[in-house]
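*Asks:* File follows, input_15.cif with mmCIF, C-alpha atoms:
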data_start
#
loop_
_atom_site.group_PDB
_atom_site.id
_atom_site.type_symbol
_atom_site.label_atom_id
_atom_site.label_comp_id
_atom_site.auth_asym_id
_atom_site.auth_seq_id
_atom_site.Cartn_x
_atom_site.Cartn_y
_atom_site.Cartn_z
ATOM 1 C CA MET A 1 -54.795 -141.184 99.456
ATOM 2 C CA GLY A 2 -51.520 -143.004 99.801
ATOM 3 C CA ASN A 3 -51.184 -146.535 98.460
ATOM 4 C CA CYS A 4 -54.638 -146.294 96.882
ATOM 5 C CA THR A 5 -56.142 -145.634 100.286
ATOM 6 C CA PRO A 6 -58.005 -142.464 101.161
ATOM 7 C CA CYS A 7 -55.930 -139.705 102.646
ATOM 8 C CA GLY A 8 -56.256 -139.753 106.395
ATOM 9 C CA THR A 9 -56.424 -143.488 106.928
ATOM 10 C CA SER A 10 -53.917 -145.114 109.194
ATOM 11 C CA ALA A 11 -51.087 -145.642 106.721
ATOM 12 C CA PRO A 12 -47.541 -145.696 108.112
ATOM 13 C CA SER A 13 -45.792 -142.339 108.140
ATOM 14 C CA ARG A 14 -43.216 -141.843 105.401
ATOM 15 C CA GLU A 15 -40.593 -139.293 104.541
ATOM 16 C CA SER A 16 -41.643 -136.413 102.345
ATOM 17 C CA HIS A 17 -40.654 -136.793 98.697
ATOM 18 C CA PRO A 18 -38.350 -133.975 97.514
ATOM 19 C CA GLU A 19 -40.727 -133.205 94.639
ATOM 20 C CA ALA A 20 -43.615 -132.459 96.975
ATOM 21 C CA ASP A 21 -42.637 -128.951 98.016
ATOM 22 C CA ALA A 22 -40.925 -128.254 94.697
ATOM 23 C CA HIS A 23 -44.131 -128.904 92.752
ATOM 24 C CA LYS A 24 -46.622 -127.762 95.379
ATOM 25 C CA GLU A 25 -47.798 -124.554 93.680
ATOM 26 C CA THR A 26 -47.356 -125.627 90.063
ATOM 27 C CA LEU A 27 -48.833 -129.130 90.150
ATOM 28 C CA ARG A 28 -50.149 -130.417 93.436
ATOM 29 C CA LEU A 29 -52.409 -127.650 94.683
ATOM 30 C CA PRO A 30 -53.949 -127.038 91.226
ATOM 31 C CA LEU A 31 -54.768 -130.749 90.862
ATOM 32 C CA LEU A 32 -56.222 -130.832 94.359
ATOM 33 C CA ARG A 33 -58.430 -127.876 93.410
ATOM 34 C CA VAL A 34 -59.833 -129.874 90.483
ATOM 35 C CA ALA A 35 -60.401 -132.877 92.760
ATOM 36 C CA PHE A 36 -62.177 -130.638 95.270
ATOM 37 C CA GLU A 37 -64.472 -129.281 92.565
ATOM 38 C CA ALA A 38 -65.283 -132.836 91.425
ATOM 39 C CA ILE A 39 -66.400 -133.743 94.950
ATOM 40 C CA ASP A 40 -68.261 -130.447 95.574
ATOM 41 C CA LYS A 41 -71.312 -131.473 93.575
ATOM 42 C CA ASP A 42 -73.561 -128.550 94.542
ATOM 43 C CA LYS A 43 -70.778 -126.037 93.761
ATOM 44 C CA SER A 44 -71.177 -124.393 97.165
ATOM 45 C CA GLY A 45 -67.453 -123.894 97.612
ATOM 46 C CA PHE A 46 -67.467 -126.426 100.443
ATOM 47 C CA VAL A 47 -67.396 -130.216 100.730
ATOM 48 C CA VAL A 48 -69.824 -131.620 103.278
ATOM 49 C CA TYR A 49 -69.787 -135.131 104.696
ATOM 50 C CA ASP A 50 -72.459 -136.486 102.339
ATOM 51 C CA GLU A 51 -70.484 -135.329 99.298
ATOM 52 C CA LEU A 52 -67.300 -136.948 100.562
ATOM 53 C CA ALA A 53 -69.163 -140.163 101.398
ATOM 54 C CA ALA A 54 -70.840 -140.255 97.968
ATOM 55 C CA PHE A 55 -67.460 -139.808 96.319
ATOM 56 C CA GLY A 56 -65.832 -142.438 98.502
ATOM 57 C CA GLN A 57 -68.507 -144.962 97.619
ATOM 58 C CA TYR A 58 -67.358 -144.981 93.998
ATOM 59 C CA ILE A 59 -63.707 -145.630 94.803
ATOM 60 C CA GLY A 60 -64.470 -149.282 95.463
ATOM 61 C CA ASN A 61 -61.591 -149.584 97.926
ATOM 62 C CA ARG A 62 -62.077 -151.459 101.187
ATOM 63 C CA ASP A 63 -60.542 -148.552 103.129
ATOM 64 C CA TRP A 64 -63.406 -146.243 102.119
ATOM 65 C CA SER A 65 -65.618 -147.473 104.929
ATOM 66 C CA GLU A 66 -68.086 -145.209 106.725
ATOM 67 C CA VAL A 67 -65.823 -145.166 109.774
ATOM 68 C CA GLU A 68 -62.767 -144.156 107.768
ATOM 69 C CA ILE A 69 -64.650 -141.487 105.826
ATOM 70 C CA LYS A 70 -65.910 -139.960 109.078
ATOM 71 C CA LYS A 71 -62.381 -139.938 110.490
ATOM 72 C CA MET A 72 -61.057 -138.350 107.324
ATOM 73 C CA PHE A 73 -63.745 -135.683 107.241
ATOM 74 C CA ALA A 74 -63.122 -134.787 110.891
ATOM 75 C CA LYS A 75 -59.406 -134.354 110.180
ATOM 76 C CA MET A 76 -60.088 -132.208 107.119
ATOM 77 C CA ASP A 77 -62.611 -130.016 108.927
ATOM 78 C CA LYS A 78 -60.086 -128.140 111.064
ATOM 79 C CA ASN A 79 -62.520 -125.581 112.453
ATOM 80 C CA SER A 80 -65.251 -128.193 113.045
ATOM 81 C CA ASP A 81 -67.942 -126.202 111.245
ATOM 82 C CA GLY A 82 -69.305 -129.248 109.425
ATOM 83 C CA LYS A 83 -67.864 -128.345 106.040
ATOM 84 C CA VAL A 84 -64.463 -128.410 104.362
ATOM 85 C CA ASP A 85 -63.298 -125.450 102.325
ATOM 86 C CA LEU A 86 -60.712 -125.546 99.554
ATOM 87 C CA ASP A 87 -57.816 -124.498 101.787
ATOM 88 C CA GLU A 88 -58.630 -127.184 104.357
ATOM 89 C CA PHE A 89 -58.937 -129.804 101.625
ATOM 90 C CA GLN A 90 -55.704 -128.842 99.884
ATOM 91 C CA ASP A 91 -53.727 -128.575 103.102
ATOM 92 C CA PHE A 92 -54.879 -131.933 104.391
ATOM 93 C CA CYS A 93 -54.488 -133.877 101.145
ATOM 94 C CA PHE A 94 -51.139 -132.257 100.303
ATOM 95 C CA ASN A 95 -49.691 -133.280 103.655
ATOM 96 C CA GLU A 96 -51.134 -136.799 103.413
ATOM 97 C CA THR A 97 -49.585 -137.408 99.965
ATOM 98 C CA LYS A 98 -46.180 -135.728 100.384
ATOM 99 C CA HIS A 99 -44.399 -139.090 100.314
ATOM 100 C CA HIS A 100 -45.434 -139.683 96.687
ATOM 101 C CA SER A 101 -43.430 -138.626 93.659
ATOM 102 C CA SER A 102 -45.145 -136.030 91.499
ATOM 103 C CA GLU A 103 -45.769 -138.620 88.795
ATOM 104 C CA ARG A 104 -47.502 -140.941 91.257
ATOM 105 C CA PHE A 105 -49.410 -138.057 92.818
ATOM 106 C CA GLN A 106 -50.683 -136.844 89.448
ATOM 107 C CA ALA A 107 -51.841 -140.303 88.366
ATOM 108 C CA MET A 108 -53.607 -140.882 91.685
ATOM 109 C CA ILE A 109 -55.419 -137.543 91.821
ATOM 110 C CA GLN A 110 -56.484 -137.750 88.186
ATOM 111 C CA GLY A 111 -57.953 -141.160 88.976
ATOM 112 C CA PHE A 112 -59.953 -139.683 91.854
ATOM 113 C CA ILE A 113 -61.155 -136.858 89.609
ATOM 114 C CA GLU A 114 -62.459 -139.428 87.126
ATOM 115 C CA VAL A 115 -64.312 -141.133 89.968
ATOM 116 C CA GLY A 116 -65.965 -137.833 90.837
ATOM 117 C CA ASN A 117 -67.126 -137.475 87.252
ATOM 118 C CA LEU A 118 -68.446 -141.048 87.276
ATOM 119 C CA VAL A 119 -70.886 -140.177 90.056
ATOM 120 C CA ASP A 120 -72.772 -137.776 87.787
ATOM 121 C CA ASN A 121 -72.492 -139.976 84.710
ATOM 122 C CA ARG A 122 -73.801 -142.999 86.565
ATOM 123 C CA LYS A 123 -76.843 -141.119 87.823
ATOM 124 C CA SER A 124 -77.675 -140.159 84.246
ATOM 125 C CA MET A 125 -77.425 -143.770 83.168
ATOM 126 C CA ILE A 126 -79.634 -144.938 86.033
ATOM 127 C CA LYS A 127 -82.261 -142.338 85.043
ATOM 128 C CA ALA A 128 -82.178 -143.526 81.420
ATOM 129 C CA VAL A 129 -82.741 -147.134 82.482
ATOM 130 C CA TYR A 130 -85.582 -146.119 84.822
ATOM 131 C CA ASP A 131 -87.315 -144.151 82.080
ATOM 132 C CA LYS A 132 -87.171 -147.170 79.778
ATOM 133 C CA ILE A 133 -88.779 -149.424 82.375
ATOM 134 C CA ASP A 134 -91.503 -146.793 83.080
ATOM 135 C CA LEU A 135 -93.489 -147.742 79.993
ATOM 136 C CA ASP A 136 -96.431 -145.372 80.515
ATOM 137 C CA GLY A 137 -94.179 -142.463 81.441
ATOM 138 C CA ASN A 138 -96.089 -141.566 84.616
ATOM 139 C CA GLY A 139 -92.934 -141.226 86.702
ATOM 140 C CA PHE A 140 -93.384 -144.492 88.605
ATOM 141 C CA VAL A 141 -92.570 -148.135 87.950
ATOM 142 C CA ASP A 142 -95.310 -150.524 89.062
ATOM 143 C CA ARG A 143 -95.371 -154.292 89.361
ATOM 144 C CA THR A 144 -96.725 -154.774 85.843
ATOM 145 C CA GLU A 145 -93.924 -152.719 84.305
ATOM 146 C CA MET A 146 -91.275 -154.451 86.404
ATOM 147 C CA MET A 147 -92.701 -157.846 85.474
ATOM 148 C CA GLU A 148 -92.711 -156.959 81.774
ATOM 149 C CA PHE A 149 -89.139 -155.795 82.057
ATOM 150 C CA GLY A 150 -88.098 -158.940 83.941
ATOM 151 C CA ARG A 151 -89.745 -161.234 81.405
ATOM 152 C CA PHE A 152 -88.156 -159.351 78.537
ATOM 153 C CA MET A 153 -84.820 -160.024 80.187
ATOM 154 C CA ASN A 154 -85.565 -163.642 81.050
ATOM 155 C CA SER A 155 -88.595 -165.767 80.209
ATOM 156 C CA LYS A 156 -88.181 -167.536 83.572
ATOM 157 C CA PHE A 157 -88.676 -164.348 85.576
ATOM 158 C CA ASP A 158 -91.667 -165.083 87.807
ATOM 159 C CA GLU A 159 -93.748 -163.751 90.690
ATOM 160 C CA GLU A 160 -91.289 -165.016 93.287
ATOM 161 C CA LYS A 161 -88.426 -163.116 91.689
ATOM 162 C CA LEU A 162 -90.613 -160.080 91.164
ATOM 163 C CA ASN A 163 -91.570 -160.075 94.851
ATOM 164 C CA LYS A 164 -87.913 -160.243 95.834
ATOM 165 C CA LEU A 165 -87.029 -157.364 93.552
ATOM 166 C CA MET A 166 -89.928 -155.200 94.703
ATOM 167 C CA ASP A 167 -89.114 -155.909 98.347
ATOM 168 C CA GLN A 168 -85.557 -154.685 97.795
ATOM 169 C CA MET A 169 -86.529 -151.498 95.958
ATOM 170 C CA ASP A 170 -89.934 -150.457 97.307
ATOM 171 C CA LEU A 171 -88.820 -148.829 100.558
ATOM 172 C CA ASP A 172 -92.166 -147.272 101.525
ATOM 173 C CA LYS A 173 -94.071 -150.429 100.507
ATOM 174 C CA ASP A 174 -96.639 -148.571 98.399
ATOM 175 C CA GLY A 175 -96.411 -151.071 95.544
ATOM 176 C CA ILE A 176 -94.566 -148.770 93.138
ATOM 177 C CA ILE A 177 -90.925 -147.833 92.628
ATOM 178 C CA SER A 178 -90.213 -144.119 92.522
ATOM 179 C CA TYR A 179 -87.127 -142.813 90.759
ATOM 180 C CA GLU A 180 -85.687 -141.854 94.153
ATOM 181 C CA GLU A 181 -86.089 -145.434 95.393
ATOM 182 C CA PHE A 182 -84.582 -146.790 92.179
ATOM 183 C CA LEU A 183 -81.644 -144.393 92.384
ATOM 184 C CA GLY A 184 -81.171 -145.038 96.084
ATOM 185 C CA TYR A 185 -81.024 -148.769 95.467
ATOM 186 C CA PHE A 186 -78.275 -148.491 92.876
ATOM 187 C CA ALA A 187 -76.470 -145.750 94.807
ATOM 188 C CA LYS A 188 -75.692 -148.310 97.502
ATOM 189 C CA VAL A 189 -73.558 -150.301 95.103
ATOM 190 C CA ARG A 190 -69.787 -149.914 95.133
ATOM 191 C CA ALA A 191 -68.438 -149.517 91.602
ATOM 192 C CA PRO A 192 -64.634 -149.721 91.522
ATOM 193 C CA LEU A 193 -62.911 -147.341 89.150
ATOM 194 C CA LEU A 194 -61.298 -150.048 87.040
ATOM 195 C CA GLY A 195 -64.529 -151.990 86.638
ATOM 196 C CA HIS A 196 -63.747 -154.960 88.893
ATOM 197 C CA VAL A 197 -67.133 -156.355 89.907
ATOM 198 C CA SER A 198 -67.433 -157.204 93.589
ATOM 199 C CA TRP A 199 -70.952 -158.498 94.261
ATOM 200 C CA GLU A 200 -72.112 -157.662 97.790
ATOM 201 C CA SER A 201 -75.557 -159.190 97.310
ATOM 202 C CA CYS A 202 -77.432 -160.975 94.539
ATOM 203 C CA MET A 203 -79.185 -157.724 93.561
ATOM 204 C CA GLU A 204 -76.259 -155.539 92.570
ATOM 205 C CA ILE A 205 -75.158 -154.017 89.290
ATOM 206 C CA ASN A 206 -72.009 -152.027 88.602
ATOM 207 C CA THR A 207 -71.222 -148.914 86.583
ATOM 208 C CA LEU A 208 -70.043 -150.832 83.528
ATOM 209 C CA ASP A 209 -73.345 -152.705 83.391
ATOM 210 C CA LEU A 210 -75.162 -149.370 83.327
ATOM 211 C CA ILE A 211 -72.924 -148.062 80.567
ATOM 212 C CA ARG A 212 -73.861 -151.093 78.486
ATOM 213 C CA ALA A 213 -77.523 -150.503 79.373
ATOM 214 C CA ARG A 214 -77.897 -147.061 77.824
ATOM 215 C CA GLY A 215 -79.261 -148.420 74.559
ATOM 216 C CA PHE A 216 -82.072 -150.106 76.526
ATOM 217 C CA VAL A 217 -82.512 -153.357 78.295
ATOM 218 C CA ALA A 218 -80.852 -156.403 76.836
ATOM 219 C CA PRO A 219 -77.669 -156.052 78.915
ATOM 220 C CA VAL A 220 -79.118 -154.036 81.795
ATOM 221 C CA LEU A 221 -79.650 -156.673 84.443
ATOM 222 C CA SER A 222 -78.975 -159.819 82.460
ATOM 223 C CA ASN A 223 -76.151 -161.072 84.667
ATOM 224 C CA LEU A 224 -77.988 -160.706 87.970
ATOM 225 C CA PRO A 225 -78.942 -163.920 89.784
ATOM 226 C CA PHE A 226 -82.520 -162.805 90.517
ATOM 227 C CA LEU A 227 -83.155 -162.718 86.766
ATOM 228 C CA ALA A 228 -81.447 -166.057 86.156
#
Translate the structure described by the file into structure tokens.
*Replies:*
Amino acid sequence: MGNCTPCGTSAPSRESHPEADAHKETLRLPLLRVAFEAIDKDKSGFVVYDELAAFGQYIGNRDWSEVEIKKMFAKMDKNSDGKVDLDEFQDFCFNETKHHSSERFQAMIQGFIEVGNLVDNRKSMIKAVYDKIDLDGNGFVDRTEMMEFGRFMNSKFDEEKLNKLMDQMDLDKDGIISYEEFLGYFAKVRAPLLGHVSWESCMEINTLDLIRARGFVAPVLSNLPFLA
């Protein structure tokens, strides 16, 4: 977590800050407990790899690659049982951030906690957008509904653009978009905490776009090239 990188990446070793041990019990471990609970989405008392990876995806930092997350998880999971308990998490992250002042540590961990909360909030926003596109409320979005949505957004939206969109989202190629496919599509997108948009393909949308989309559609996908 040092220097805005995830704890456990190959940052240079630094001397421990004198505030680290002094504030360990009163500030650092309690904040790490809150961070742990934000990552532990199923409230099992453990963090598994998928939870850590899902959390890391929303950091939007280049160091949160799949390789780095796997390395980090392996280091956290001291007993190699495939899950990280609170003590393992606190011990690892405390040691990896000891070089920070308490002020820097607090700001950094609170930022990560907010990212954890964004994961849930963003899923809710994605569901709201999906429900709006699903005009007949049958739980699926078909080509007609997607076309109507696309044309509402842009009068130039055509069959070619519809085919491209359906090809990206319709993973099982059954001609309809399930909520799981819709969610999975948007879950692949990195959404940096501070809202900096980094397009990785012409089909992406970030968290701030979804926030603006809650009222319905006008801003939902309006800045995406496939609707241009």
*Asks:* Which residues would end up in the selection if the PyMOL selection byres ((chain A and resi 23) around 12) were applied here, given that I need the answer as an MDAnalysis selection string?
*Replies:* chainID A and resid 17:22 24:31 94 98 100:103 105:106
*Asks:* Just write the chosen residues, C-alpha atoms, as a PDB file, keeping the file's coordinate frame.
*Replies:*
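Saved the output as selection21.pdb:
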ATOM      1  CA  HIS A  17     -40.654-136.793  98.697  1.00  0.00           C
ATOM      2  CA  PRO A  18     -38.350-133.975  97.514  1.00  0.00           C
ATOM      3  CA  GLU A  19     -40.727-133.205  94.639  1.00  0.00           C
ATOM      4  CA  ALA A  20     -43.615-132.459  96.975  1.00  0.00           C
ATOM      5  CA  ASP A  21     -42.637-128.951  98.016  1.00  0.00           C
ATOM      6  CA  ALA A  22     -40.925-128.254  94.697  1.00  0.00           C
ATOM      7  CA  LYS A  24     -46.622-127.762  95.379  1.00  0.00           C
ATOM      8  CA  GLU A  25     -47.798-124.554  93.680  1.00  0.00           C
ATOM      9  CA  THR A  26     -47.356-125.627  90.063  1.00  0.00           C
ATOM     10  CA  LEU A  27     -48.833-129.130  90.150  1.00  0.00           C
ATOM     11  CA  ARG A  28     -50.149-130.417  93.436  1.00  0.00           C
ATOM     12  CA  LEU A  29     -52.409-127.650  94.683  1.00  0.00           C
ATOM     13  CA  PRO A  30     -53.949-127.038  91.226  1.00  0.00           C
ATOM     14  CA  LEU A  31     -54.768-130.749  90.862  1.00  0.00           C
ATOM     15  CA  PHE A  94     -51.139-132.257 100.303  1.00  0.00           C
ATOM     16  CA  LYS A  98     -46.180-135.728 100.384  1.00  0.00           C
ATOM     17  CA  HIS A 100     -45.434-139.683  96.687  1.00  0.00           C
ATOM     18  CA  SER A 101     -43.430-138.626  93.659  1.00  0.00           C
ATOM     19  CA  SER A 102     -45.145-136.030  91.499  1.00  0.00           C
ATOM     20  CA  GLU A 103     -45.769-138.620  88.795  1.00  0.00           C
ATOM     21  CA  PHE A 105     -49.410-138.057  92.818  1.00  0.00           C
ATOM     22  CA  GLN A 106     -50.683-136.844  89.448  1.00  0.00           C
TER      23      GLN A 106
END
*Asks:* Select, from A:Asp131, A:Glu37, A:Asp87, A:Asp77, the residue with the minimum atom-to-atom distance to Phe149 of chain A, counting all atoms listed in the file.
*Replies:* A:Asp131
*Asks:* Work out how far atom CA of Glu180 of chain A is from atom CA of Asp85 of chain A, in Å to one decimal.
*Replies:* 28.9 Å
*Asks:* Can you work out the spacing between atom CA of Leu32 of chain A and atom CA of Phe73 of chain A in Å, to one decimal?
*Replies:*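 Rounded to one decimal, the two atoms are 15.7 Å apart.
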*Asks:* So, with only C-alpha atoms as the atoms that count, which of A:Val67, A:Glu88, A:Arg143, A:Glu51 lies closest to Asp174 of chain A?
*Replies:*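 Comparing A:Val67, A:Glu88, A:Arg143, A:Glu51 against Asp174 of chain A, the winner is A:Arg143.
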*Asks:* Hey, can you check how far atom CA of Ile39 of chain A sits from atom CA of Glu96 of chain A?
*Replies:*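 Atom-to-atom, atom CA of Ile39 of chain A and atom CA of Glu96 of chain A are spaced 17.7 Å apart.
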*Asks:* Which residues come within 10 Å of Leu52 of chain A, counting only C-alpha atoms, excluding same-chain residues fewer than 3 positions away, as a PDB file with C-alpha atoms, keeping the file's coordinate frame?
*Replies:*
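File result_9.pdb, as written:
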ATOM      1  CA  PHE A  36     -62.177-130.638  95.270  1.00  0.00           C
ATOM      2  CA  ILE A  39     -66.400-133.743  94.950  1.00  0.00           C
ATOM      3  CA  ASP A  40     -68.261-130.447  95.574  1.00  0.00           C
ATOM      4  CA  LYS A  41     -71.312-131.473  93.575  1.00  0.00           C
ATOM      5  CA  VAL A  47     -67.396-130.216 100.730  1.00  0.00           C
ATOM      6  CA  VAL A  48     -69.824-131.620 103.278  1.00  0.00           C
ATOM      7  CA  TYR A  49     -69.787-135.131 104.696  1.00  0.00           C
ATOM      8  CA  PHE A  55     -67.460-139.808  96.319  1.00  0.00           C
ATOM      9  CA  GLY A  56     -65.832-142.438  98.502  1.00  0.00           C
ATOM     10  CA  GLN A  57     -68.507-144.962  97.619  1.00  0.00           C
ATOM     11  CA  ILE A  69     -64.650-141.487 105.826  1.00  0.00           C
ATOM     12  CA  LYS A  70     -65.910-139.960 109.078  1.00  0.00           C
ATOM     13  CA  MET A  72     -61.057-138.350 107.324  1.00  0.00           C
ATOM     14  CA  PHE A  73     -63.745-135.683 107.241  1.00  0.00           C
ATOM     15  CA  VAL A  84     -64.463-128.410 104.362  1.00  0.00           C
ATOM     16  CA  GLY A 116     -65.965-137.833  90.837  1.00  0.00           C
TER      17      GLY A 116
END
*Asks:* I need the residue nearest Gly184 of chain A from this list: A:Ile126, A:Gly150, A:Phe157, A:Asn79. Use only C-alpha atoms for the distance.
*Replies:*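 Looking only at the distances to Gly184 of chain A, the closest residue turns out to be A:Ile126.
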*Asks:* As a PyMOL selection string, please: the residues near Thr144 of chain A (cut-off 10 Å, all atoms listed in the file, same-chain neighbours under 3 positions excluded).
*Replies:* chain A and resi 134-135+141+147-150+162+176
